[in-house]
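K.L.:
So here's work_31.cif, just mmCIF, C-alpha atoms:
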data_work
#
loop_
_atom_site.label_atom_id
_atom_site.label_comp_id
_atom_site.auth_asym_id
_atom_site.auth_seq_id
_atom_site.Cartn_x
_atom_site.Cartn_y
_atom_site.Cartn_z
CA MET K 28 0.00 0.00 0.00
CA ASN K 29 1.26 3.46 -0.86
CA TRP K 30 0.96 5.56 2.27
CA SER K 31 2.75 8.69 1.09
CA PHE K 32 0.39 11.56 1.93
CA ASP K 33 1.87 14.04 -0.55
CA GLU K 34 2.61 12.86 -4.05
CA SER K 35 2.27 16.23 -5.77
CA GLN K 36 5.65 17.73 -4.88
CA PRO K 37 8.16 17.63 -7.75
CA VAL K 38 11.52 15.96 -7.15
CA THR K 39 13.79 18.98 -7.56
CA ALA K 40 17.42 19.20 -6.47
CA SER K 41 16.31 21.09 -3.37
CA GLU K 42 13.72 18.40 -2.62
CA ARG K 43 16.34 15.64 -2.95
CA ALA K 44 18.63 17.46 -0.54
CA TYR K 45 15.75 18.07 1.86
CA GLN K 46 14.57 14.46 1.83
CA TRP K 47 18.10 13.09 2.30
CA ALA K 48 18.85 15.42 5.19
CA LYS K 49 15.49 14.84 6.88
CA GLU K 50 15.84 11.06 6.71
CA ALA K 51 19.44 11.31 7.93
CA ILE K 52 18.27 13.29 10.96
CA LEU K 53 15.33 11.00 11.75
CA SER K 54 17.45 7.86 11.34
CA GLY K 55 20.02 9.18 13.80
CA ARG K 56 22.89 9.61 11.36
CA PHE K 57 22.98 13.17 12.65
CA PRO K 58 22.00 13.02 16.34
CA GLU K 59 20.44 15.86 18.30
CA GLY K 60 22.95 18.61 18.88
CA SER K 61 25.23 17.60 15.98
CA PHE K 62 25.94 19.79 12.96
CA LEU K 63 24.77 19.09 9.44
CA GLU K 64 27.47 20.15 6.97
CA GLU K 65 26.50 21.53 3.57
CA LYS K 66 29.22 19.54 1.80
CA VAL K 67 28.05 16.25 3.26
CA VAL K 68 24.46 16.87 2.16
CA SER K 69 25.66 18.05 -1.24
CA ASP K 70 27.81 14.95 -1.80
CA GLU K 71 25.28 12.43 -0.46
CA ALA K 72 22.25 13.91 -2.23
CA GLY K 73 24.20 14.55 -5.43
CA VAL K 74 23.27 18.20 -5.72
CA SER K 75 25.08 21.54 -5.63
CA ARG K 76 25.41 23.80 -2.61
CA THR K 77 22.59 26.18 -3.64
CA PRO K 78 19.74 23.62 -3.36
CA VAL K 79 21.31 22.37 -0.14
CA ARG K 80 21.02 25.83 1.37
CA GLU K 81 17.39 25.98 0.24
CA ALA K 82 16.81 22.60 1.88
CA LEU K 83 18.43 23.73 5.12
CA HIS K 84 16.21 26.78 5.31
CA ARG K 85 13.18 24.52 4.85
CA LEU K 86 14.42 22.17 7.57
CA ALA K 87 14.92 25.16 9.87
CA ALA K 88 11.38 26.38 9.18
CA GLU K 89 10.09 22.91 10.08
CA LYS K 90 12.14 22.88 13.31
CA PHE K 91 14.43 20.00 12.36
CA ILE K 92 17.50 22.24 12.69
CA ASP K 93 18.62 25.63 13.95
CA LEU K 94 20.72 27.82 11.65
CA LEU K 95 23.36 29.37 13.90
CA PRO K 96 25.47 32.34 12.71
CA ARG K 97 29.07 31.32 11.94
CA ARG K 98 28.39 27.78 13.22
CA GLY K 99 26.03 26.20 10.72
CA ALA K 100 23.01 23.92 10.88
CA GLN K 101 22.55 22.23 14.25
CA VAL K 102 20.05 19.40 14.70
CA ARG K 103 17.38 20.48 17.19
CA ARG K 104 16.80 18.61 20.41
CA VAL K 105 13.30 17.40 21.24
CA THR K 106 12.32 19.10 24.49
CA ALA K 107 9.67 18.19 27.05
CA GLY K 108 7.94 21.49 26.32
CA GLU K 109 7.76 20.74 22.62
CA LEU K 110 6.33 17.29 23.33
CA PHE K 111 3.60 18.66 25.63
CA GLU K 112 2.67 21.46 23.23
CA THR K 113 2.60 19.17 20.19
CA TYR K 114 0.42 16.60 21.95
CA GLU K 115 -1.90 19.40 23.07
CA MET K 116 -2.34 20.72 19.54
CA ARG K 117 -2.75 17.23 18.13
CA GLN K 118 -5.60 16.63 20.55
CA VAL K 119 -7.30 19.88 19.53
CA LEU K 120 -7.07 19.15 15.81
CA GLU K 121 -7.68 15.40 15.84
CA ILE K 122 -10.63 15.54 18.23
CA HIS K 123 -12.24 18.23 16.07
CA GLY K 124 -11.69 15.96 13.08
CA PHE K 125 -13.24 13.03 14.94
CA ARG K 126 -16.32 15.12 15.68
CA ILE K 127 -16.75 15.92 11.99
CA LEU K 128 -16.30 12.28 11.01
CA CYS K 129 -18.82 11.04 13.57
CA GLU K 130 -21.45 13.75 13.17
CA LYS K 131 -21.44 13.43 9.38
CA HIS K 132 -20.97 9.64 9.43
CA ILE K 133 -18.06 9.91 7.02
CA GLU K 134 -16.67 6.56 5.91
CA ILE K 135 -13.22 5.74 7.28
CA PRO K 136 -10.57 4.75 4.67
CA ALA K 137 -10.73 0.97 4.34
CA GLU K 138 -6.97 0.63 3.84
CA LEU K 139 -6.20 1.79 7.38
CA SER K 140 -6.67 -1.72 8.77
CA GLU K 141 -4.06 -2.96 6.30
CA HIS K 142 -1.84 -0.05 7.26
CA LEU K 143 -1.96 -1.13 10.89
CA ASP K 144 -1.09 -4.67 9.83
CA LEU K 145 2.09 -3.27 8.29
CA MET K 146 2.88 -1.23 11.40
CA GLU K 147 2.41 -4.32 13.57
CA ASP K 148 4.55 -6.60 11.42
CA PRO K 149 6.61 -8.67 13.93
CA ASP K 150 9.89 -8.18 12.05
CA ARG K 151 9.35 -4.42 11.87
CA LEU K 152 8.53 -4.19 15.57
CA ALA K 153 11.51 -6.38 16.49
CA ARG K 154 13.83 -4.02 14.60
CA CYS K 155 12.32 -1.05 16.43
CA ARG K 156 12.73 -2.73 19.81
CA ALA K 157 16.35 -3.53 18.93
CA GLY K 158 17.01 0.17 18.37
CA ASP K 159 17.16 0.15 14.55
CA ARG K 160 16.83 3.88 13.85
CA ASP K 161 15.76 3.36 10.24
CA ALA K 162 12.91 1.12 11.40
CA ILE K 163 11.96 3.58 14.13
CA ALA K 164 11.93 6.48 11.66
CA GLU K 165 9.76 4.44 9.29
CA HIS K 166 7.38 3.63 12.13
CA ALA K 167 7.09 7.33 13.02
CA LYS K 168 6.26 8.16 9.41
CA MET K 169 3.59 5.45 9.31
CA ASP K 170 2.21 6.67 12.64
CA PHE K 171 1.78 10.15 11.21
CA PHE K 172 0.01 8.82 8.14
CA PHE K 173 -2.43 6.81 10.29
CA HIS K 174 -3.53 9.85 12.29
CA TYR K 175 -3.40 12.16 9.27
CA SER K 176 -5.76 9.85 7.36
CA PHE K 177 -8.61 10.60 9.78
CA VAL K 178 -8.04 14.34 9.44
CA LYS K 179 -7.84 14.08 5.66
CA ALA K 180 -11.11 12.14 5.55
CA THR K 181 -12.95 15.18 6.99
CA GLY K 182 -12.39 17.09 3.75
CA ASN K 183 -11.73 20.29 5.73
CA SER K 184 -8.80 21.83 3.84
CA VAL K 185 -7.81 24.27 6.60
CA LEU K 186 -7.84 21.51 9.23
CA ILE K 187 -5.77 19.31 6.91
CA ASP K 188 -3.20 22.07 6.35
CA LEU K 189 -2.91 22.80 10.06
CA TYR K 190 -2.44 19.14 10.91
CA THR K 191 0.08 18.63 8.11
CA SER K 192 2.17 21.44 9.58
CA LEU K 193 2.67 19.28 12.68
CA GLN K 194 4.25 16.44 10.71
CA PRO K 195 7.91 17.34 11.40
CA ARG K 196 7.29 17.58 15.14
CA HIS K 197 5.07 14.49 15.11
CA GLN K 198 7.82 12.41 13.50
CA ARG K 199 10.71 13.82 15.53
CA ILE K 200 8.86 13.23 18.79
CA GLY K 201 7.78 9.77 17.64
CA VAL K 202 11.36 8.76 16.85
CA ARG K 203 12.61 10.10 20.18
CA ALA K 204 9.86 8.45 22.21
CA VAL K 205 10.31 4.99 20.69
CA SER K 206 14.10 5.28 20.87
CA VAL K 207 13.90 6.06 24.60
CA ARG K 208 11.19 3.51 25.40
CA PRO K 209 10.67 0.91 22.64
CA THR K 210 8.36 -1.15 24.90
CA ARG K 211 5.76 1.58 24.35
CA LEU K 212 5.10 -0.05 20.97
CA THR K 213 3.07 -2.73 22.77
CA VAL K 214 0.73 0.03 23.97
CA ILE K 215 0.58 2.05 20.75
CA GLY K 216 -0.67 -0.83 18.59
CA PRO K 217 -3.82 -1.69 20.60
CA GLU K 218 -4.65 2.01 20.99
CA HIS K 219 -4.49 2.47 17.23
CA ARG K 220 -6.82 -0.50 16.78
CA ALA K 221 -9.25 0.91 19.35
CA LEU K 222 -9.20 4.30 17.64
CA LEU K 223 -9.89 2.79 14.22
CA GLU K 224 -12.74 0.66 15.62
CA ALA K 225 -14.39 3.63 17.36
CA LEU K 226 -14.26 5.87 14.30
CA THR K 227 -15.43 3.11 11.97
CA VAL K 228 -18.69 2.93 13.95
CA HIS K 229 -18.69 6.72 14.50
CA ASP K 230 -18.41 6.49 18.30
CA PHE K 231 -17.03 9.93 19.08
CA ASP K 232 -16.84 9.48 22.86
CA ALA K 233 -14.78 6.29 22.57
CA ALA K 234 -12.51 7.85 19.95
CA GLU K 235 -11.90 10.93 22.11
CA ARG K 236 -11.13 8.87 25.23
CA THR K 237 -8.76 6.66 23.28
CA LEU K 238 -6.88 9.58 21.74
CA ARG K 239 -6.48 11.38 25.07
CA ARG K 240 -5.03 8.20 26.55
CA HIS K 241 -2.89 7.68 23.45
CA LEU K 242 -1.41 11.17 23.73
CA GLN K 243 -0.76 11.05 27.45
CA PRO K 244 2.96 11.93 27.78
CA ASP K 245 5.06 8.99 28.95
CA GLU K 246 6.89 10.01 32.14
CA ARG K 247 9.93 7.90 31.27
CA VAL K 248 10.21 9.58 27.88
CA VAL K 249 9.73 13.07 29.35
CA SER K 250 12.46 12.43 31.92
CA HIS K 251 14.96 11.91 29.09
CA LEU K 252 14.15 15.22 27.42
CA HIS K 253 15.77 18.55 28.18
#
Rewrite the structure of this file - the entire thing - as structure tokens.
P.N.:
Amino acid sequence: MNWSFDESQPVTASERAYQWAKEAILSGRFPEGSFLEEKVVSDEAGVSRTPVREALHRLAAEKFIDLLPRRGAQVRRVTAGELFETYEMRQVLEIHGFRILCEKHIEIPAELSEHLDLMEDPDRLARCRAGDRDAIAEHAKMDFFFHYSFVKATGNSVLIDLYTSLQPRHQRIGVRAVSVRPTRLTVIGPEHRALLEALTVHDFDAAERTLRRHLQPDERVVSHLH
């Protein structure tokens, strides 16, 4: 199943540099606090320095990096404050989306059950639990798509745009949380199933309760954040 949520963006040199750098950050090749050198991105992505600079400005706007005068591009650290604020905004937007779905009895995308099957693949989960950063980054991307799919199904373009803007934070926090506490995956899976079941039958109250529980900050994860 193709679960890319944005297939319209052209693959320009700047986009190639952006995608390479973003995946390198999420996979842990460039850990929090490290510096992302233009030459490395240029060589690895196979593009010139100009599109790399464009990509870095985009990554800075999305809060993946900070551009520091005379020092370069530093990978941002996920903070406890950022986690709390992101979860808060996700609740606001997703719960509003759930209300629309349930009140209008909008059909939930049928492929989401298959999507959860992929997320729960034993080999994939084993790699995440073993600390495989590529697998963890992929899981975070799939997690975003799952939640985004409900928002997209509402058809509310402003709501969709607002939720999409949270994607960088959603993925960065997801990678950090699973890296710190991979056993949380055993909790995430059943909560996703419960959320899908509630929205499939348009049970708003159950969906809201499940999401609030799902987005309850994990104390062990928070204690590892600055």
K.L.:
Which residue gives the smallest distance to Arg208 in chain K among K:Lys90, K:Arg247, K:Arg85, K:Arg220, with only C-alpha atoms counted?
P.N.:
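Among K:Lys90, K:Arg247, K:Arg85, K:Arg220, it is K:Arg247 that comes nearest to Arg208 in chain K.
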K.L.:
Could you spell out the hits of the PyMOL selection byres ((chain K and resi 211-219) around 9) on the shown file, as a ChimeraX atom specification?
P.N.:
/K:143,146-147,152,155-156,173-174,204-205,208-210,220-224,237-238,240-241,245
K.L.:
Using all atoms listed in the file, determine which residues lie at most 10 Å from range 127-133 of chain K, disregarding the query and same-chain residues fewer than 3 positions distant; provide the list as a list in words.
P.N.:
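These residues fall inside the cut-off: Glu121, Ile122, His123, Gly124, Pro136, Phe177, Val178, Ala180, Thr181, Gly182, Asn183, Ala225, Leu226, Thr227, Val228, His229, Asp230, Phe231, Asp232 and Ala234 of chain K.
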K.L.:
The PyMOL selection byres ((chain K and resi 172) around 10) - which residues does that actually catch in the file I just gave you? List them as an MDAnalysis selection string.
P.N.:
chainID K and resid 30:32 139 142 166:171 173:179 191 194
K.L.:
Tell me which residues the PyMOL selection byres ((chain K and resi 82) around 8) grabs here, as a CSV table (one decimal) with C-alpha atoms, in the frame of the given file.
P.N.:
chain,number,residue,atom,x,y,z
K,41,SER,CA,16.3,21.1,-3.4
K,42,GLU,CA,13.7,18.4,-2.6
K,44,ALA,CA,18.6,17.5,-0.5
K,45,TYR,CA,15.8,18.1,1.9
K,78,PRO,CA,19.7,23.6,-3.4
K,79,VAL,CA,21.3,22.4,-0.1
K,80,ARG,CA,21.0,25.8,1.4
K,81,GLU,CA,17.4,26.0,0.2
K,83,LEU,CA,18.4,23.7,5.1
K,84,HIS,CA,16.2,26.8,5.3
K,85,ARG,CA,13.2,24.5,4.8
K,86,LEU,CA,14.4,22.2,7.6
K.L.:
Give me, please, the distance in Å between CA of His251 in chain K and CA of Glu112 in chain K, quoted to one decimal.
P.N.:
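Interatomic distance, CA of His251 in chain K to CA of Glu112 in chain K: 16.6 Å.
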